[in-house]
file target_11.txt (compact mmCIF, C-alpha atoms)
# COMPACT_ATOMS: atom_id res chain seq x y z
CA MET A 24 96.22 81.94 97.33
CA ALA A 25 99.26 82.11 95.03
CA THR A 26 101.63 79.20 95.44
CA GLU A 27 103.96 79.76 92.49
CA ILE A 28 105.64 82.67 90.76
CA THR A 29 107.87 82.73 87.69
CA TYR A 30 110.33 85.49 86.86
CA SER A 31 113.77 86.31 85.46
CA LEU A 32 116.51 88.21 87.23
CA GLU A 33 118.49 91.13 85.90
CA GLU A 34 121.85 92.44 87.02
CA ASP A 35 120.18 95.16 89.12
CA ASP A 36 118.32 92.48 91.10
CA LEU A 37 121.55 90.64 91.90
CA VAL A 38 123.21 93.93 92.89
CA ALA A 39 120.23 94.68 95.17
CA LEU A 40 120.63 91.24 96.79
CA ALA A 41 124.36 91.77 97.32
CA ARG A 42 123.73 95.25 98.76
CA TYR A 43 121.04 93.89 101.07
CA GLN A 44 123.38 91.12 102.27
CA MET A 45 126.20 93.59 102.79
CA GLU A 46 124.11 96.09 104.74
CA ARG A 47 123.00 93.39 107.17
CA SER A 48 126.27 91.51 107.59
CA PRO A 49 127.68 91.92 111.11
CA SER A 50 131.25 91.34 109.88
CA ILE A 51 130.98 94.03 107.20
CA GLN A 52 129.44 96.48 109.69
CA ARG A 53 132.27 95.76 112.12
CA ARG A 54 134.88 96.30 109.38
CA TYR A 55 133.18 99.58 108.39
CA ARG A 56 133.31 100.87 111.98
CA LEU A 57 136.96 99.83 112.36
CA GLN A 58 137.92 101.59 109.13
CA ARG A 59 135.99 104.76 109.90
CA TYR A 60 137.09 105.21 113.48
CA GLY A 61 140.56 103.81 112.80
CA LEU A 62 141.17 106.56 110.25
CA VAL A 63 139.87 109.22 112.63
CA LEU A 64 142.01 107.98 115.53
CA GLY A 65 145.04 107.59 113.25
CA PHE A 66 144.80 111.17 112.00
CA LEU A 67 144.21 112.47 115.53
CA ALA A 68 147.27 110.56 116.75
CA LEU A 69 149.35 112.09 113.95
CA GLY A 70 148.00 115.52 114.85
CA ILE A 71 148.98 115.03 118.49
CA LEU A 72 152.39 113.71 117.46
CA PHE A 73 153.13 116.69 115.22
CA GLY A 74 151.53 119.27 117.52
CA VAL A 75 152.72 118.23 120.95
CA VAL A 76 155.89 116.23 120.31
CA LEU A 77 157.34 118.01 117.29
CA GLY A 78 155.77 121.43 117.80
CA LYS A 79 154.42 121.67 114.24
CA VAL A 80 151.06 123.34 114.89
CA SER A 81 150.13 123.72 111.22
CA LEU A 82 150.59 119.97 110.58
CA ALA A 83 148.69 119.18 113.77
CA LEU A 84 145.76 121.28 112.57
CA TYR A 85 145.95 119.66 109.14
CA PHE A 86 145.69 116.13 110.60
CA ALA A 87 142.95 117.20 113.03
CA GLY A 88 141.05 118.57 110.03
CA LEU A 89 141.52 115.29 108.17
CA ALA A 90 140.19 113.42 111.20
CA LEU A 91 137.07 115.60 111.30
CA PHE A 92 136.66 115.27 107.53
CA PHE A 93 136.73 111.46 107.70
CA LEU A 94 134.44 111.42 110.72
CA ALA A 95 131.86 113.46 108.80
CA PHE A 96 132.24 112.19 105.23
CA TYR A 97 133.40 108.57 105.49
CA PRO A 98 129.79 107.23 105.29
CA LEU A 99 129.28 109.04 101.97
CA TYR A 100 132.64 107.81 100.65
CA TYR A 101 131.87 104.25 101.73
CA ARG A 102 128.45 104.32 100.01
CA TRP A 103 130.04 105.70 96.83
CA LEU A 104 132.80 103.10 96.90
CA THR A 105 130.48 100.15 97.46
CA SER A 106 128.00 101.23 94.79
CA ARG A 107 130.90 101.60 92.34
CA THR A 108 132.45 98.22 93.09
CA LEU A 109 129.39 96.11 93.95
CA ARG A 110 128.27 95.87 90.32
CA GLN A 111 131.78 94.77 89.29
CA ILE A 112 131.82 92.09 91.99
CA VAL A 113 128.41 90.76 90.95
CA ARG A 114 129.48 90.64 87.27
CA ALA A 115 132.62 88.72 88.15
CA ARG A 116 130.65 86.02 89.98
CA LEU A 117 127.86 85.61 87.44
CA ASN A 118 127.17 82.39 85.67
CA PRO A 119 124.72 82.01 82.77
CA LYS A 120 122.02 80.48 84.99
CA ALA A 121 121.83 83.65 87.07
CA PHE A 122 119.56 85.29 84.47
CA ALA A 123 117.61 82.16 83.53
CA ARG A 124 113.86 82.07 83.99
CA ARG A 125 113.06 80.65 87.41
CA SER A 126 110.08 79.76 89.50
CA LEU A 127 109.44 79.61 93.21
CA ARG A 128 106.76 77.22 94.37
CA ILE A 129 105.31 76.77 97.84
CA ALA A 130 105.07 73.06 98.51
CA PRO A 131 104.25 71.12 101.70
CA GLU A 132 107.89 70.03 102.07
CA GLY A 133 109.34 73.53 101.56
CA LEU A 134 110.07 76.27 99.08
CA VAL A 135 111.01 74.84 95.68
CA GLN A 136 113.17 76.87 93.32
CA SER A 137 113.33 75.66 89.73
CA VAL A 138 115.89 77.04 87.30
CA GLU A 139 115.98 75.56 83.81
CA ASP A 140 116.24 71.80 84.29
CA SER A 141 117.14 71.72 87.99
CA ALA A 142 115.12 72.16 91.15
CA MET A 143 116.08 72.68 94.77
CA THR A 144 113.82 72.35 97.79
CA MET A 145 114.51 74.41 100.89
CA ASP A 146 112.90 72.98 104.02
CA TRP A 147 110.62 75.43 105.83
CA THR A 148 112.73 75.23 109.00
CA ARG A 149 115.73 76.66 107.09
CA LEU A 150 113.87 79.85 106.12
CA VAL A 151 113.40 83.00 108.18
CA PRO A 152 110.78 85.73 107.68
CA VAL A 153 110.95 87.41 104.29
CA ALA A 154 112.38 90.92 104.12
CA ILE A 155 110.36 93.18 101.84
CA THR A 156 111.49 96.45 100.27
CA PRO A 157 109.53 98.50 97.73
CA ASP A 158 111.42 96.93 94.80
CA HIS A 159 112.39 93.46 96.03
CA ALA A 160 111.65 90.71 98.49
CA PHE A 161 114.59 88.83 100.00
CA VAL A 162 114.38 85.27 101.26
CA ALA A 163 117.01 84.06 103.70
CA VAL A 164 118.05 80.43 103.76
CA ASP A 165 119.94 79.39 106.90
CA GLY A 166 120.19 83.05 107.92
CA VAL A 167 121.80 84.27 104.68
CA TYR A 168 119.74 86.23 102.17
CA ALA A 169 120.01 83.97 99.14
CA LEU A 170 116.92 84.58 97.01
CA VAL A 171 115.69 87.82 95.52
CA ILE A 172 112.20 88.35 94.11
CA PRO A 173 111.90 91.39 91.82
CA ARG A 174 108.49 92.77 92.74
CA ALA A 175 108.26 95.06 89.69
CA ARG A 176 108.33 92.12 87.25
CA LEU A 177 105.31 90.47 88.84
CA SER A 178 101.79 91.76 89.12
CA GLU A 179 101.22 93.43 92.47
CA GLU A 180 98.38 91.07 93.41
CA GLU A 181 100.34 87.95 92.43
CA CYS A 182 103.45 89.08 94.28
CA ASP A 183 101.63 90.16 97.44
CA ALA A 184 99.57 86.95 97.57
CA PHE A 185 102.68 84.79 97.09
CA LEU A 186 104.64 86.70 99.76
CA ARG A 187 101.77 86.48 102.27
CA ASN A 188 101.52 82.74 101.66
CA LEU A 189 105.30 82.33 101.92
CA GLN A 190 105.44 84.32 105.16
CA SER A 191 102.65 82.31 106.73
CA GLN A 192 104.41 79.05 105.82
CA VAL A 193 107.69 80.30 107.29
CA ARG A 194 105.98 81.43 110.51
CA ARG A 195 104.17 78.11 110.81
CA ALA A 196 107.46 76.20 110.54
CA SER A 197 109.30 78.55 112.90
CA PRO A 198 110.78 76.59 115.84
CA SER A 199 110.13 79.42 118.28
CA PRO A 200 106.86 81.29 118.67
CA GLY A 201 108.84 84.35 119.75
CA LEU A 202 110.38 84.98 116.33
CA PRO A 203 109.40 88.29 114.75
CA GLY A 204 107.05 88.44 111.79
CA PRO A 205 107.98 89.67 108.35
CA GLN A 206 110.57 92.41 108.24
CA VAL A 207 109.72 95.44 106.13
CA SER A 208 112.59 97.70 105.12
CA GLN A 209 112.14 101.07 103.47
call {"tool": "encode", "arguments": {"input": "target_11.txt", "output": "C-alpha cells"}}
result
Amino acid sequence: MATEITYSLEEDDLVALARYQMERSPSIQRRYRLQRYGLVLGFLALGILFGVVLGKVSLALYFAGLALFFLAFYPLYYRWLTSRTLRQIVRARLNPKAFARRSLRIAPEGLVQSVEDSAMTMDWTRLVPVAITPDHAFVAVDGVYALVIPRARLSEEECDAFLRNLQSQVRRASPSPGLPGPQVSQ
C-alpha cells in the first residue's frame, strides 16, 4: 500500500484549491445569498417606489426587469467574476515554495508534508475525510481544505492507493464513529 507520494504544484492546482475552499465556505455562501437577493429586493423596492409612490410606470417596469435579470443571471455573473479574480488573488499570495517539489508521507504519528528542507506533521485527529474530484484530492486540516493533490501528475494506481490508505488512516483516527466516509465531488 502506497505510503508516500511526491509531486509539484502548478498555479491551476492552487486555483482549484482556492475555488474548492470558496465553494464550501459558509461565510462566502452567506455573502453570495445576501448579494443576490439584496440586489433583487433593492431593485424591486425601487420599482415599487417609482411605480406606486411617484407614478412612473416605465421606471417601475425597468427596475422590476432588473430584479428579474439579477435573480436569473447573478449565478452566472458570480461564477464569471470569481473565475476572473481567483487567479489574480492566488498569484498575489504566492511565495516561491508554493511550486516546490513536495511529498506527502503517511506515518504512524500523522500525515507528513515535506517541502524542500522543511517538514510538517499533521496529527491524524486534525484531518477529516479527503474530498476527491476527478482532477484533484483535497485534504482538510482542522476543517479547512489546506492541501491539494494533483491526481493527473501521479500515476492512477499510485494516487488511488495513497488516497485509500490516507482515508483509512483518517477514519481510524476519527473521534466519532458517526463521521461520514470520504466525500466524492463531481
call {"tool": "residues_around", "arguments": {"input": "target_11.txt", "residues": "segment 173-177 of chain A", "least_positions_apart": "5", "cutoff": "7 Å", "atoms": "all atoms listed in the file", "output": "ChimeraX atom specification"}}
result
/A:30,36,158-160,182
call {"tool": "closest_residue", "arguments": {"input": "target_11.txt", "among": "A:Phe185, A:Phe122, A:Tyr43, A:Phe93", "to": "Gly65 of chain A", "atoms": "only C-alpha atoms"}}
result
A:Phe93
call {"tool": "residues_near_point", "arguments": {"input": "target_11.txt", "point": "(118.9, 86.2, 100.6)", "cutoff": "10 Å", "atoms": "all atoms listed in the file", "output": "PyMOL selection string"}}
result
chain A and resi 40-41+43-44+150-151+153-154+160-172
call {"tool": "axis_aligned_box", "arguments": {"input": "target_11.txt", "around": "segment 54-62 of chain A", "padding_each_side": "5 Å", "output": "lines of an AutoDock Vina configuration file"}}
result
center_x = 137.2
center_y = 101.4
center_z = 110.9
size_x = 18.0
size_y = 20.3
size_z = 15.1
call {"tool": "atom_distance", "arguments": {"input": "target_11.txt", "atom1": "atom CA of Leu109 of chain A", "atom2": "atom CA of Leu91 of chain A"}}
result
27.2 Å
call {"tool": "residues_around", "arguments": {"input": "target_11.txt", "residues": "Thr144 of chain A", "least_positions_apart": "6", "cutoff": "12 Å", "atoms": "all atoms listed in the file", "output": "ChimeraX atom specification"}}
result
/A:126-138,150,164
call {"tool": "residues_around", "arguments": {"input": "target_11.txt", "residues": "Ala123 of chain A", "least_positions_apart": "3", "cutoff": "9 Å", "atoms": "only C-alpha atoms", "output": "VMD selection string"}}
result
chain A and resid 30 to 32 119 to 120 138 to 139
call {"tool": "closest_residue", "arguments": {"input": "target_11.txt", "among": "A:Asp183, A:Asp35, A:Glu27, A:Glu46", "to": "Arg102 of chain A", "atoms": "all atoms listed in the file"}}
result
A:Glu46
call {"tool": "residues_around", "arguments": {"input": "target_11.txt", "residues": "Pro98 of chain A", "least_positions_apart": "5", "cutoff": "10 Å", "atoms": "only C-alpha atoms", "output": "number ranges by chain"}}
result
A: 55-56, 59, 93, 103-104
call {"tool": "closest_residue", "arguments": {"input": "target_11.txt", "among": "A:Val75, A:Leu94, A:Val38, A:Met45", "to": "Gly61 of chain A", "atoms": "only C-alpha atoms"}}
result
A:Leu94
call {"tool": "residues_near_point", "arguments": {"input": "target_11.txt", "point": "(139.2, 115.0, 109.8)", "cutoff": "12 Å", "atoms": "all atoms listed in the file", "output": "list in words"}}
result
Arg59, Tyr60, Gly61, Leu62, Val63, Leu64, Gly65, Phe66, Leu67, Ala68, Leu69, Gly70, Ala83, Leu84, Tyr85, Phe86, Ala87, Gly88, Leu89, Ala90, Leu91, Phe92, Phe93, Leu94, Ala95, Phe96 and Tyr97 of chain A
call {"tool": "closest_residue", "arguments": {"input": "target_11.txt", "among": "A:Ile28, A:Arg195, A:Glu33, A:Gln190", "to": "Arg110 of chain A", "atoms": "only C-alpha atoms"}}
result
A:Glu33
call {"tool": "closest_residue", "arguments": {"input": "target_11.txt", "among": "A:Leu57, A:Ala25, A:Ala39, A:Ala196", "to": "Glu180 of chain A", "atoms": "all atoms listed in the file"}}
result
A:Ala25
call {"tool": "closest_residue", "arguments": {"input": "target_11.txt", "among": "A:Thr105, A:Arg125, A:Glu181, A:Ser191", "to": "Met143 of chain A", "atoms": "all atoms listed in the file"}}
result
A:Arg125
